[in-house]
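Data from my_file_19.cif: mmCIF, C-alpha atoms
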data_entry
#
loop_
_atom_site.label_atom_id
_atom_site.label_comp_id
_atom_site.auth_asym_id
_atom_site.auth_seq_id
_atom_site.Cartn_x
_atom_site.Cartn_y
_atom_site.Cartn_z
CA MET G 1 15.74 -2.04 -17.39
CA ALA G 2 13.19 0.72 -17.12
CA LEU G 3 10.84 -1.08 -14.76
CA ASN G 4 13.38 -1.92 -12.15
CA GLY G 5 15.44 1.20 -12.13
CA ARG G 6 17.95 -0.42 -14.44
CA TYR G 7 17.20 1.67 -17.45
CA PRO G 8 20.57 2.15 -19.16
CA HIS G 9 22.35 5.38 -18.55
CA SER G 10 22.94 7.61 -21.52
CA ASP G 11 26.71 7.26 -21.15
CA GLU G 12 26.63 3.51 -21.63
CA GLN G 13 28.24 2.33 -24.77
CA PRO G 14 25.66 1.12 -27.23
CA GLU G 15 26.44 -2.28 -28.56
CA SER G 16 24.84 -4.52 -31.04
CA ALA G 17 25.62 -7.51 -28.89
CA CYS G 18 21.99 -8.47 -28.68
CA ALA G 19 22.13 -9.47 -32.33
CA THR G 20 22.95 -12.82 -30.84
CA ARG G 21 19.37 -12.87 -29.61
CA ALA G 22 18.33 -13.65 -33.15
CA THR G 23 18.82 -17.24 -32.21
CA PRO G 24 15.45 -18.79 -31.49
CA PRO G 25 14.43 -18.49 -27.84
CA LEU G 26 14.10 -21.57 -25.71
CA PRO G 27 10.65 -23.15 -25.56
CA GLY G 28 10.20 -21.86 -22.01
CA ASP G 29 10.98 -18.35 -23.19
CA THR G 30 8.65 -18.67 -26.11
CA GLU G 31 5.79 -19.33 -23.74
CA ARG G 32 6.42 -16.04 -22.02
CA LEU G 33 7.01 -13.90 -25.06
CA ALA G 34 4.35 -11.44 -26.03
CA GLY G 35 5.46 -10.50 -29.52
CA ALA G 36 7.24 -12.55 -32.11
CA GLU G 37 8.06 -9.44 -34.12
CA LEU G 38 11.83 -9.07 -34.68
CA LEU G 39 13.59 -5.78 -34.02
CA PRO G 40 16.28 -4.57 -36.47
CA CYS G 41 18.95 -5.98 -34.12
CA GLY G 42 17.38 -9.43 -34.49
CA CYS G 43 15.96 -9.54 -30.99
CA PRO G 44 12.27 -10.44 -30.70
CA LEU G 45 10.28 -7.48 -29.46
CA GLY G 46 8.66 -9.65 -26.82
CA HIS G 47 12.09 -10.61 -25.53
CA ALA G 48 13.04 -6.94 -25.11
CA TRP G 49 9.84 -6.35 -23.17
CA GLU G 50 10.39 -9.38 -20.99
CA GLN G 51 13.97 -8.33 -20.29
CA ALA G 52 12.75 -4.88 -19.30
CA ARG G 53 10.45 -6.49 -16.76
CA ALA G 54 12.89 -9.08 -15.48
CA PRO G 55 13.79 -8.87 -11.79
CA ALA G 56 16.92 -6.89 -10.96
CA GLY G 57 20.08 -8.76 -11.84
CA THR G 58 18.45 -11.33 -14.09
CA ALA G 59 18.13 -9.29 -17.27
CA ASP G 60 20.27 -10.06 -20.26
CA PRO G 61 23.07 -7.40 -20.23
CA SER G 62 23.31 -7.37 -24.00
CA SER G 63 19.73 -6.21 -24.40
CA ILE G 64 20.32 -3.51 -21.78
CA ARG G 65 23.10 -2.03 -23.89
CA CYS G 66 21.44 -2.36 -27.27
CA PRO G 67 19.96 0.99 -28.41
CA CYS G 68 17.50 -0.84 -30.60
CA CYS G 69 16.07 -2.74 -27.64
CA ARG G 70 16.15 0.37 -25.47
CA LYS G 71 14.10 2.25 -28.04
CA ALA G 72 11.62 -0.59 -28.20
CA ILE G 73 10.92 -0.47 -24.50
CA GLU G 74 10.62 3.30 -24.18
CA GLY G 75 7.31 3.95 -22.59
CA LEU G 76 7.00 0.54 -21.03
CA ALA G 77 7.89 1.92 -17.60
CA ALA G 78 5.12 4.52 -17.75
CA LEU G 79 2.69 1.89 -18.95
CA ASP G 80 3.66 -0.49 -16.20
CA ARG G 81 3.39 2.13 -13.48
CA ALA G 82 -0.13 2.95 -14.61
CA THR G 83 -0.94 -0.75 -14.94
CA ARG G 84 0.18 -1.40 -11.38
CA ALA G 85 -1.99 1.47 -10.14
CA LEU G 86 -4.95 0.13 -12.09
CA ARG G 87 -4.38 -3.36 -10.74
CA THR G 88 -4.33 -2.20 -7.13
CA ALA G 89 -7.47 -0.13 -7.68
CA GLU G 90 -9.54 -3.06 -8.85
CA HIS G 91 -11.32 -4.50 -5.89
CA PRO G 92 -14.90 -3.43 -6.43
CA ASP G 93 -17.35 -4.16 -3.66
CA THR G 94 -19.56 -6.92 -4.97
CA ARG G 95 -21.73 -7.70 -1.97
CA SER G 96 -24.96 -6.42 -3.48
CA LEU G 97 -24.16 -8.01 -6.84
CA ALA G 98 -23.41 -11.37 -5.23
CA ASP G 99 -26.62 -11.16 -3.19
CA ARG G 100 -28.65 -10.47 -6.32
CA VAL G 101 -27.07 -13.41 -8.12
CA ILE G 102 -27.59 -15.80 -5.23
CA ASN G 103 -31.21 -14.72 -4.75
CA ALA G 104 -31.89 -15.23 -8.44
CA VAL G 105 -30.24 -18.65 -8.36
CA ARG G 106 -32.25 -19.70 -5.31
CA ALA G 107 -35.44 -18.51 -6.96
CA GLU G 108 -34.97 -20.98 -9.74
CA VAL G 109 -33.41 -23.80 -7.79
CA ARG G 110 -33.91 -27.17 -9.41
CA LEU G 111 -35.41 -29.54 -6.93
CA GLY G 112 -34.90 -32.74 -8.84
CA ALA G 113 -36.82 -35.88 -8.08
CA LEU G 114 -38.94 -36.19 -4.96
CA LEU G 115 -37.98 -39.00 -2.60
CA MET G 116 -40.41 -40.73 -0.30
CA LEU G 117 -39.62 -40.48 3.40
CA ASN G 118 -39.98 -43.42 5.69
CA ASP G 119 -43.09 -42.21 7.48
CA PRO G 120 -45.98 -44.50 8.41
CA GLY G 121 -48.48 -42.59 6.29
CA ARG G 122 -46.22 -42.67 3.23
CA ASP G 123 -47.22 -39.12 2.38
CA LEU G 124 -44.04 -37.17 3.07
CA ARG G 125 -41.59 -36.35 0.30
CA ILE G 126 -38.29 -34.53 0.16
CA ALA G 127 -36.57 -33.07 -2.87
CA GLU G 128 -33.50 -35.03 -3.87
CA SER G 129 -31.38 -31.87 -3.95
CA ALA G 130 -32.38 -30.99 -0.37
CA ALA G 131 -31.69 -34.51 0.88
CA ALA G 132 -28.35 -34.62 -0.89
CA LYS G 133 -27.38 -31.31 0.68
CA VAL G 134 -28.04 -32.67 4.18
CA LEU G 135 -26.12 -35.87 3.49
CA ARG G 136 -23.15 -34.00 1.99
CA ARG G 137 -22.93 -31.84 5.09
CA ALA G 138 -23.10 -34.91 7.31
CA ALA G 139 -20.24 -36.52 5.39
CA ASP G 140 -18.26 -33.26 5.62
CA THR G 141 -18.27 -33.60 9.41
CA VAL G 142 -15.88 -36.56 9.15
CA PRO G 143 -12.42 -35.09 9.77
CA GLY G 144 -10.13 -35.24 6.77
CA THR G 145 -12.83 -35.61 4.16
CA ARG G 146 -14.75 -33.29 1.88
CA THR G 147 -17.74 -34.37 -0.13
CA ALA G 148 -18.09 -33.66 -3.83
CA SER G 149 -20.96 -35.61 -5.33
CA CYS G 150 -23.93 -37.18 -3.56
CA ARG G 151 -26.58 -39.01 -5.55
CA LEU G 152 -29.64 -40.85 -4.31
CA SER G 153 -31.47 -43.55 -6.19
CA PRO G 154 -34.27 -45.93 -5.28
CA SER G 155 -33.23 -49.28 -3.92
CA LYS G 156 -34.19 -52.36 -5.87
CA SER G 157 -36.14 -53.53 -2.88
CA GLY G 158 -38.75 -50.80 -3.27
CA HIS G 159 -39.44 -47.07 -3.54
CA ILE G 160 -39.22 -46.49 0.20
CA ALA G 161 -35.58 -47.44 0.51
CA HIS G 162 -32.71 -45.64 -1.19
CA ILE G 163 -29.10 -46.11 -2.20
CA VAL G 164 -26.66 -43.25 -1.66
CA ALA G 165 -23.60 -42.91 -3.88
CA ILE G 166 -21.20 -40.39 -2.40
CA THR G 167 -17.85 -39.20 -3.74
CA VAL G 168 -15.33 -37.66 -1.37
CA ALA G 169 -11.84 -36.25 -1.34
CA ALA G 170 -9.83 -37.44 1.65
CA LYS G 171 -6.58 -36.73 3.41
CA LEU G 172 -4.22 -39.67 3.58
CA ASP G 173 -3.40 -39.30 7.26
CA LYS G 174 -5.67 -42.23 8.20
CA PRO G 175 -6.46 -45.51 6.49
CA LEU G 176 -8.97 -44.87 3.73
CA ARG G 177 -11.09 -47.82 4.76
CA GLU G 178 -11.61 -46.22 8.19
CA GLN G 179 -12.48 -42.87 6.70
CA ALA G 180 -14.88 -44.39 4.22
CA GLU G 181 -16.60 -46.25 7.02
CA ALA G 182 -16.87 -43.04 9.07
CA VAL G 183 -18.44 -41.30 6.07
CA ARG G 184 -20.86 -44.18 5.63
CA GLN G 185 -21.92 -44.02 9.27
CA ALA G 186 -22.32 -40.23 9.18
CA VAL G 187 -24.52 -40.48 6.08
CA LEU G 188 -26.61 -43.31 7.53
CA HIS G 189 -27.07 -41.41 10.77
CA ALA G 190 -28.15 -38.22 9.03
CA ALA G 191 -30.48 -40.12 6.70
CA GLU G 192 -32.19 -41.86 9.58
CA HIS G 193 -32.15 -39.27 12.34
CA VAL G 194 -32.27 -35.98 10.44
CA LEU G 195 -34.24 -36.81 7.32
CA GLY G 196 -36.17 -39.93 8.22
CA LEU G 197 -35.06 -41.43 4.95
CA ALA G 198 -34.57 -45.17 4.64
CA VAL G 199 -31.15 -45.89 3.18
CA THR G 200 -30.05 -49.45 2.54
CA THR G 201 -26.63 -48.83 1.03
CA VAL G 202 -24.03 -46.06 1.08
CA ASP G 203 -21.45 -46.45 -1.66
CA VAL G 204 -18.41 -44.31 -0.80
CA ASN G 205 -16.02 -43.46 -3.59
CA VAL G 206 -12.78 -41.67 -2.68
CA ASN G 207 -11.62 -40.05 -5.89
CA ALA G 208 -9.25 -37.26 -4.81
CA VAL G 209 -6.64 -36.54 -2.19
CA LEU G 210 -6.97 -33.52 0.06
CA GLU G 211 -3.67 -31.81 0.50
CA PRO G 212 -3.30 -30.03 3.84
CA SER G 213 -1.57 -26.98 2.43
CA ARG G 214 -3.91 -26.52 -0.48
CA VAL G 215 -5.25 -23.00 -0.78
CA PRO G 216 -8.82 -22.92 -2.03
CA GLY G 217 -9.97 -20.77 -4.89
CA ALA G 218 -9.08 -20.51 -8.53
CA ARG G 219 -8.02 -16.92 -8.07
CA SER G 220 -5.21 -17.86 -5.73
CA GLU G 221 -4.00 -20.36 -8.29
CA MET G 222 -3.95 -17.66 -10.93
CA SER G 223 -2.39 -14.96 -8.86
CA ASP G 224 1.00 -16.62 -8.74
CA ARG G 225 1.71 -16.04 -12.37
CA MET K 1 -38.44 -47.06 16.42
CA ARG K 2 -36.82 -45.28 13.52
CA ASN K 3 -39.79 -42.97 13.15
CA GLN K 4 -39.70 -41.81 16.74
CA THR K 5 -36.18 -40.49 16.33
CA SER K 6 -36.83 -38.37 13.29
CA PRO K 7 -37.96 -34.79 13.92
CA TYR K 8 -39.41 -34.50 10.43
CA LEU K 9 -41.99 -37.20 10.53
CA ALA K 10 -45.67 -37.00 11.36
CA PRO K 11 -46.20 -34.33 14.06
CA ARG K 12 -47.60 -35.36 17.42
CA THR K 13 -50.79 -33.50 18.30
CA ASP K 14 -51.06 -34.65 21.88
CA LEU K 15 -48.14 -32.55 23.12
CA PRO K 16 -48.39 -29.01 24.49
CA ILE K 17 -47.19 -26.33 22.14
CA ARG K 18 -43.75 -25.17 23.08
CA PRO K 19 -41.36 -22.83 21.43
CA PRO K 20 -39.17 -24.72 19.01
CA PRO K 21 -35.68 -25.57 20.18
CA PRO K 22 -32.98 -23.17 19.06
CA VAL K 23 -31.98 -23.91 15.53
CA PRO K 24 -28.31 -23.66 14.77
CA ALA K 25 -27.41 -20.93 12.30
CA LEU K 26 -27.46 -23.34 9.40
CA ASP K 27 -26.53 -20.86 6.72
CA ALA K 28 -23.55 -19.47 8.59
CA THR K 29 -22.41 -22.96 9.52
CA ALA K 30 -22.86 -24.17 5.98
CA GLU K 31 -20.89 -21.27 4.61
CA ASP K 32 -18.08 -21.85 7.08
CA ALA K 33 -18.02 -25.54 6.27
CA LEU K 34 -17.94 -24.91 2.55
CA SER K 35 -15.57 -21.98 2.44
CA ASP K 36 -12.45 -24.14 2.65
CA LEU K 37 -13.47 -26.27 -0.33
CA ASP K 38 -11.69 -25.69 -3.58
CA ASP K 39 -13.48 -24.65 -6.72
CA SER K 40 -13.62 -28.07 -8.31
CA VAL K 41 -15.44 -29.65 -5.36
CA LEU K 42 -17.80 -26.70 -5.05
CA ALA K 43 -18.56 -26.91 -8.76
CA VAL K 44 -19.48 -30.59 -8.47
CA ARG K 45 -21.78 -29.81 -5.56
CA ALA K 46 -23.31 -26.85 -7.36
CA ARG K 47 -23.85 -29.03 -10.41
CA GLU K 48 -25.98 -31.20 -8.16
CA ASP K 49 -28.10 -28.17 -7.26
CA ASP K 50 -26.34 -27.21 -4.05
CA ASP K 51 -27.05 -23.49 -4.11
CA ASP K 52 -24.90 -22.92 -1.00
CA ALA K 53 -21.88 -24.25 -2.86
CA PHE K 54 -22.69 -21.99 -5.80
CA ALA K 55 -23.04 -19.02 -3.44
CA ILE K 56 -19.46 -19.60 -2.26
CA LEU K 57 -18.28 -19.64 -5.86
CA VAL K 58 -20.16 -16.41 -6.57
CA ASN K 59 -18.67 -14.69 -3.54
CA ARG K 60 -15.21 -15.99 -4.36
CA HIS K 61 -15.13 -14.89 -7.99
CA SER K 62 -17.48 -11.93 -8.36
CA SER K 63 -14.92 -9.26 -7.48
CA HIS K 64 -12.40 -10.34 -10.12
CA LEU K 65 -15.09 -10.89 -12.70
CA LEU K 66 -16.65 -7.50 -12.04
CA ALA K 67 -13.24 -5.86 -12.37
CA LEU K 68 -12.73 -7.69 -15.66
CA ALA K 69 -16.15 -6.63 -16.97
CA GLN K 70 -15.58 -3.03 -15.87
CA HIS K 71 -12.33 -2.86 -17.77
CA LEU K 72 -13.88 -4.37 -20.85
CA LEU K 73 -17.11 -2.38 -20.85
CA GLY K 74 -15.96 0.85 -19.26
CA ASN K 75 -18.73 1.34 -16.74
CA ARG K 76 -20.00 -0.26 -13.58
CA ALA K 77 -23.68 -0.67 -14.44
CA ASP K 78 -23.09 -2.62 -17.65
CA ALA K 79 -20.38 -4.63 -15.93
CA GLU K 80 -22.70 -5.66 -13.10
CA ASP K 81 -25.35 -6.71 -15.60
CA ALA K 82 -22.82 -8.76 -17.53
CA VAL K 83 -21.48 -10.53 -14.45
CA GLN K 84 -24.95 -11.22 -13.07
CA GLU K 85 -26.11 -12.70 -16.37
CA ALA K 86 -22.90 -14.68 -16.64
CA PHE K 87 -23.40 -16.27 -13.22
CA LEU K 88 -27.02 -17.12 -13.97
CA SER K 89 -25.97 -18.60 -17.27
CA ALA K 90 -23.28 -20.60 -15.49
CA TRP K 91 -25.80 -21.89 -12.95
CA ARG K 92 -28.04 -23.09 -15.76
CA GLN K 93 -25.14 -24.62 -17.68
CA LEU K 94 -23.54 -26.30 -14.67
CA PRO K 95 -24.95 -29.73 -15.53
CA GLU K 96 -22.78 -29.59 -18.66
CA PHE K 97 -19.73 -28.24 -16.86
CA ARG K 98 -16.96 -30.83 -16.96
CA HIS K 99 -15.48 -31.92 -13.70
CA GLY K 100 -11.79 -31.14 -13.74
CA ALA K 101 -12.04 -27.93 -15.74
CA SER K 102 -11.22 -24.73 -13.89
CA PHE K 103 -14.39 -22.99 -12.76
CA GLY K 104 -12.54 -19.67 -12.67
CA THR K 105 -11.37 -19.90 -16.28
CA TRP K 106 -14.83 -21.05 -17.32
CA MET K 107 -16.34 -17.96 -15.71
CA TYR K 108 -13.74 -15.72 -17.31
CA ARG K 109 -14.79 -17.16 -20.63
CA ILE K 110 -18.50 -16.59 -20.04
CA VAL K 111 -18.02 -13.03 -18.76
CA THR K 112 -15.57 -12.08 -21.51
CA ASN K 113 -17.81 -13.42 -24.25
CA ARG K 114 -20.78 -11.63 -22.78
CA CYS K 115 -18.84 -8.36 -22.63
CA LEU K 116 -17.55 -8.76 -26.19
CA ASN K 117 -21.11 -9.37 -27.36
CA VAL K 118 -22.21 -6.18 -25.61
CA LEU K 119 -19.37 -4.27 -27.25
CA ARG K 120 -20.27 -5.56 -30.69
CA ARG K 121 -23.69 -3.94 -30.38
CA PRO K 122 -23.73 -0.57 -32.11
CA ARG K 123 -23.88 1.77 -29.17
CA PRO K 124 -21.41 4.30 -27.84
CA VAL K 125 -19.49 3.65 -24.67
CA PRO K 126 -19.64 6.70 -22.39
CA LEU K 127 -15.99 7.44 -21.91
CA ASP K 128 -16.62 10.03 -19.22
CA THR K 129 -17.67 7.24 -16.86
CA VAL K 130 -14.60 5.16 -17.57
CA ALA K 131 -12.07 6.72 -15.28
CA GLU K 132 -11.78 5.09 -11.91
CA PRO K 133 -10.39 6.80 -8.87
CA THR K 134 -7.11 5.23 -7.94
CA ALA K 135 -6.63 4.35 -4.30
CA ALA K 136 -4.40 7.01 -2.83
CA ASP K 137 -1.31 5.93 -1.03
CA PRO K 138 -1.11 8.09 2.11
CA ARG K 139 2.68 7.90 1.97
CA SER K 140 2.72 9.54 -1.44
CA SER K 141 2.90 13.25 -1.96
CA PRO K 142 -0.24 14.91 -3.38
CA PRO K 143 1.44 15.85 -6.68
CA ARG K 144 2.63 12.26 -7.08
CA VAL K 145 -0.84 10.92 -6.32
CA ALA K 146 -2.37 13.34 -8.79
CA GLU K 147 0.13 12.33 -11.42
CA THR K 148 -0.55 8.63 -10.83
CA ASP K 149 -4.29 9.23 -11.00
CA ALA K 150 -3.93 11.14 -14.24
CA ALA K 151 -1.69 8.46 -15.75
CA THR K 152 -4.13 5.74 -14.70
CA THR K 153 -7.00 7.69 -16.22
CA ALA K 154 -5.01 8.06 -19.42
CA LEU K 155 -4.38 4.32 -19.47
CA VAL K 156 -8.07 3.53 -18.94
CA GLU K 157 -9.02 5.90 -21.73
CA ALA K 158 -6.40 4.40 -24.03
CA LEU K 159 -7.70 0.97 -23.13
CA MET K 160 -11.19 1.92 -24.22
CA GLU K 161 -9.79 3.03 -27.57
CA LEU K 162 -8.44 -0.44 -28.28
CA ARG K 163 -10.37 -2.96 -30.29
CA PRO K 164 -12.35 -5.13 -27.83
CA GLU K 165 -10.35 -8.27 -28.68
CA LEU K 166 -7.03 -6.53 -28.00
CA ARG K 167 -8.40 -4.97 -24.85
CA ALA K 168 -9.62 -8.34 -23.59
CA CYS K 169 -6.20 -9.91 -24.17
CA TRP K 170 -4.36 -7.14 -22.37
CA VAL K 171 -6.77 -6.99 -19.41
CA LEU K 172 -6.75 -10.76 -18.94
CA ARG K 173 -2.96 -10.88 -19.07
CA GLU K 174 -1.85 -7.71 -17.31
CA LEU K 175 -4.62 -7.13 -14.79
CA HIS K 176 -5.75 -10.71 -14.14
CA GLY K 177 -2.54 -12.63 -14.71
CA LEU K 178 -3.92 -15.38 -16.92
CA HIS K 179 -1.49 -17.56 -18.88
CA TYR K 180 -1.49 -17.40 -22.67
CA ASN K 181 -3.17 -20.79 -22.96
CA GLU K 182 -5.91 -19.70 -20.58
CA ILE K 183 -6.49 -16.48 -22.49
CA ALA K 184 -6.64 -18.53 -25.68
CA HIS K 185 -9.26 -20.76 -24.06
CA VAL K 186 -11.24 -17.80 -22.73
CA LEU K 187 -11.30 -16.06 -26.12
CA GLY K 188 -11.54 -19.16 -28.28
CA ALA K 189 -8.38 -18.16 -30.15
CA SER K 190 -4.96 -19.72 -30.66
CA GLU K 191 -2.06 -18.86 -28.38
CA GLN K 192 -0.27 -17.33 -31.35
CA THR K 193 -3.23 -15.04 -31.94
CA VAL K 194 -3.23 -14.10 -28.28
CA ARG K 195 0.48 -13.21 -28.43
CA GLY K 196 -0.07 -11.07 -31.49
CA ARG K 197 -3.04 -9.24 -30.01
CA LEU K 198 -1.22 -8.69 -26.75
CA SER K 199 1.76 -7.30 -28.60
CA ARG K 200 -0.40 -4.88 -30.57
CA ALA K 201 -2.29 -3.84 -27.45
CA ARG K 202 0.91 -3.20 -25.53
CA ARG K 203 2.41 -1.22 -28.37
CA ALA K 204 -0.71 0.98 -28.64
CA LEU K 205 -0.85 1.53 -24.89
CA MET K 206 2.85 2.37 -24.73
CA GLU K 207 2.27 4.96 -27.40
CA ALA K 208 -0.67 6.38 -25.47
CA MET K 209 1.45 6.61 -22.32
CA ARG K 210 4.23 8.50 -24.10
CA PRO K 211 3.40 11.80 -22.32
CA TRP K 212 3.81 10.07 -18.96
CA ARG K 213 7.39 8.91 -19.35
#

Encoding of this model in structure tokens:
Amino acid sequence: MALNGRYPHSDEQPESACATRATPPLPGDTERLAGAELLPCGCPLGHAWEQARAPAGTADPSSIRCPCCRKAIEGLAALDRATRALRTAEHPDTRSLADRVINAVRAEVRLGALLMLNDPGRDLRIAESAAAKVLRRAADTVPGTRTASCRLSPSKSGHIAHIVAITVAAKLDKPLREQAEAVRQAVLHAAEHVLGLAVTTVDVNVNAVLEPSRVPGARSEMSDR
Amino acid sequence: MRNQTSPYLAPRTDLPIRPPPPVPALDATAEDALSDLDDSVLAVRAREDDDDAFAILVNRHSSHLLALAQHLLGNRADAEDAVQEAFLSAWRQLPEFRHGASFGTWMYRIVTNRCLNVLRRPRPVPLDTVAEPTAADPRSSPPRVAETDAATTALVEALMELRPELRACWVLRELHGLHYNEIAHVLGASEQTVRGRLSRARRALMEAMRPWR
């Protein structure tokens, strides 16, 4: 109606046909309705609003003709125009805010346990969080995989050696066994050649599937509503 | 032999001092590598103290959250404070964040609650700082732009007159596109309550926009 240039002309014959709307809406409709309040014609107010916003050609003709519904949506067009303008205006620059947040987070970074490196003097340590970050990045270099969790724990054979438990999401374009082995080798290589950390075991757990067309970011998921 | 291959082990003192080899731009590379990850993976990594992963989440969500806080609080300074505190709170609470939950909705909840707490404090909101300039469409005529700006200003002012709970419902639904169940989760209310508040908010705003029909 009003929002799509389909607001009823004044010469249209008012009808009370939308009294039939007093029948309960379908569950799918109910989910979309804003107000359960019933208008005098029996139509839920939320239904009238939703009809006013429906794409051209999909609105219920009976609610277009009903004067009761038309009265209920008066002003909705003006509100929606202003809402659209407000929505398009809301992209504040957040660079300085994000920098402040990230600096504050890094200032209080939790290091976690210190792990012993495999040096002859046995006097070098690395924070578990730093080691895990390096190993996650190494695993990320394997095509078709993305690392989620990476935990390090001491091996039963002694404090010098460690076990890595890594959880990845993987595409299904290659056999998982191959991909898991590639992840294992990447982690072992980084542990030995980048960190100097003795790792006896790399447990790889594939717990999610990477979909090629997946768009990252919660916002993009929300914006399709 | 293992030790000779690691660059981080005991330094050799018998070698001449040379400039260090060029170090790849680790931060830029890390950001590029992480930027295609979805929120759930980044949240798991951040929960394990990966501050780079958290930085991506901050950059990804701060604009929407700041817009939300601005519309709830009515001014930029308070909104920035609320969003900054919300992110720091989220960083500290990440170990309790459940894998599988939506990080975005979780952040909406933290920011909204923080804003509602600010609004419950007995202090006036300076309405003269509420109005935001609307981006002008160069294709529009100046009178039309002016009219749109004025209508938008009227809407923002009407929004600030609403009770904070109604305002939050309307902003989350109409400006941020959240589903009713997500709004209910964010506000800790039932979906029925959300529908009722949204209905009341819309009715009040429609009334406020009457001069702009």

Exercise for review: Write out as number ranges by chain which residues come within 9 Å of Ala186 of chain G when counting only C-alpha atoms, dropping same-chain ones fewer than 3 positions away.
Suggested key: G: 135, 138-142, 181-183, 189-191

Exercise for review: Tell me which residues the PyMOL selection byres ((chain G and resi 152-154) around 12) grabs here, as a VMD selection string.
Suggested key: (chain G and resid 112 to 117 126 to 136 149 to 151 155 to 167 187 191 197 to 203) or (chain K and resid 48)

Export, as an mmCIF file, in the coordinates of the input, the selected residues with C-alpha atoms.
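Contents of again-v4.cif, freshly written:
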data_model
loop_
_atom_site.group_PDB
_atom_site.id
_atom_site.type_symbol
_atom_site.label_atom_id
_atom_site.label_comp_id
_atom_site.auth_asym_id
_atom_site.auth_seq_id
_atom_site.Cartn_x
_atom_site.Cartn_y
_atom_site.Cartn_z
ATOM 1 C CA GLY G 112 -34.900 -32.740 -8.840
ATOM 2 C CA ALA G 113 -36.820 -35.880 -8.080
ATOM 3 C CA LEU G 114 -38.940 -36.190 -4.960
ATOM 4 C CA LEU G 115 -37.980 -39.000 -2.600
ATOM 5 C CA MET G 116 -40.410 -40.730 -0.300
ATOM 6 C CA LEU G 117 -39.620 -40.480 3.400
ATOM 7 C CA ILE G 126 -38.290 -34.530 0.160
ATOM 8 C CA ALA G 127 -36.570 -33.070 -2.870
ATOM 9 C CA GLU G 128 -33.500 -35.030 -3.870
ATOM 10 C CA SER G 129 -31.380 -31.870 -3.950
ATOM 11 C CA ALA G 130 -32.380 -30.990 -0.370
ATOM 12 C CA ALA G 131 -31.690 -34.510 0.880
ATOM 13 C CA ALA G 132 -28.350 -34.620 -0.890
ATOM 14 C CA LYS G 133 -27.380 -31.310 0.680
ATOM 15 C CA VAL G 134 -28.040 -32.670 4.180
ATOM 16 C CA LEU G 135 -26.120 -35.870 3.490
ATOM 17 C CA ARG G 136 -23.150 -34.000 1.990
ATOM 18 C CA SER G 149 -20.960 -35.610 -5.330
ATOM 19 C CA CYS G 150 -23.930 -37.180 -3.560
ATOM 20 C CA ARG G 151 -26.580 -39.010 -5.550
ATOM 21 C CA SER G 155 -33.230 -49.280 -3.920
ATOM 22 C CA LYS G 156 -34.190 -52.360 -5.870
ATOM 23 C CA SER G 157 -36.140 -53.530 -2.880
ATOM 24 C CA GLY G 158 -38.750 -50.800 -3.270
ATOM 25 C CA HIS G 159 -39.440 -47.070 -3.540
ATOM 26 C CA ILE G 160 -39.220 -46.490 0.200
ATOM 27 C CA ALA G 161 -35.580 -47.440 0.510
ATOM 28 C CA HIS G 162 -32.710 -45.640 -1.190
ATOM 29 C CA ILE G 163 -29.100 -46.110 -2.200
ATOM 30 C CA VAL G 164 -26.660 -43.250 -1.660
ATOM 31 C CA ALA G 165 -23.600 -42.910 -3.880
ATOM 32 C CA ILE G 166 -21.200 -40.390 -2.400
ATOM 33 C CA THR G 167 -17.850 -39.200 -3.740
ATOM 34 C CA VAL G 187 -24.520 -40.480 6.080
ATOM 35 C CA ALA G 191 -30.480 -40.120 6.700
ATOM 36 C CA LEU G 197 -35.060 -41.430 4.950
ATOM 37 C CA ALA G 198 -34.570 -45.170 4.640
ATOM 38 C CA VAL G 199 -31.150 -45.890 3.180
ATOM 39 C CA THR G 200 -30.050 -49.450 2.540
ATOM 40 C CA THR G 201 -26.630 -48.830 1.030
ATOM 41 C CA VAL G 202 -24.030 -46.060 1.080
ATOM 42 C CA ASP G 203 -21.450 -46.450 -1.660
ATOM 43 C CA GLU K 48 -25.980 -31.200 -8.160
#

Would you give me, as CSV, each residue of chain K having an atom within 6 Å of an atom of chain G, along with its shortest atom pair and that distance in Å to one decimal, using only C-alpha atoms and sorting by chain and residue number?
residue,atom,partner,partner_atom,distance
K:Thr5,CA,G:His193,CA,5.8
K:Ser6,CA,G:His193,CA,4.9
K:Leu9,CA,G:Asp119,CA,6.0
K:Leu37,CA,G:Pro216,CA,6.0
K:Asp38,CA,G:Pro216,CA,4.3
K:Asp39,CA,G:Gly217,CA,5.5
K:Val41,CA,G:Ala148,CA,5.0
K:Val44,CA,G:Ala148,CA,5.7
K:Arg45,CA,G:Ala148,CA,5.6
K:Asp49,CA,G:Ser129,CA,6.0
K:Ala55,CA,G:Ile102,CA,5.9
K:Ser63,CA,G:Thr94,CA,5.8
K:Ala67,CA,G:Glu90,CA,5.8
K:Gln84,CA,G:Val101,CA,5.8
K:Gly104,CA,G:Ala218,CA,5.5
K:Thr134,CA,G:Ala89,CA,5.4
K:Ala135,CA,G:Ala89,CA,5.7
K:Ala151,CA,G:Ala82,CA,5.8
K:Thr152,CA,G:Ala82,CA,4.9
K:Leu175,CA,G:Arg87,CA,5.5
K:Gly177,CA,G:Arg225,CA,5.9
K:Arg195,CA,G:Ala34,CA,4.9
K:Gly196,CA,G:Gly35,CA,5.9
K:Ser199,CA,G:Gly35,CA,5.0
K:Met206,CA,G:Gly75,CA,5.2
K:Met209,CA,G:Leu79,CA,5.9
K:Arg210,CA,G:Gly75,CA,5.7
K:Trp212,CA,G:Ala78,CA,5.8
K:Arg213,CA,G:Ala78,CA,5.2

**Study point:** the PyMOL selection byres ((chain K and resi 158) around 10) applied to the shown file, residues as a VMD selection string
**Key:** chain K and resid 152 to 157 159 to 162 167 201 204 to 209
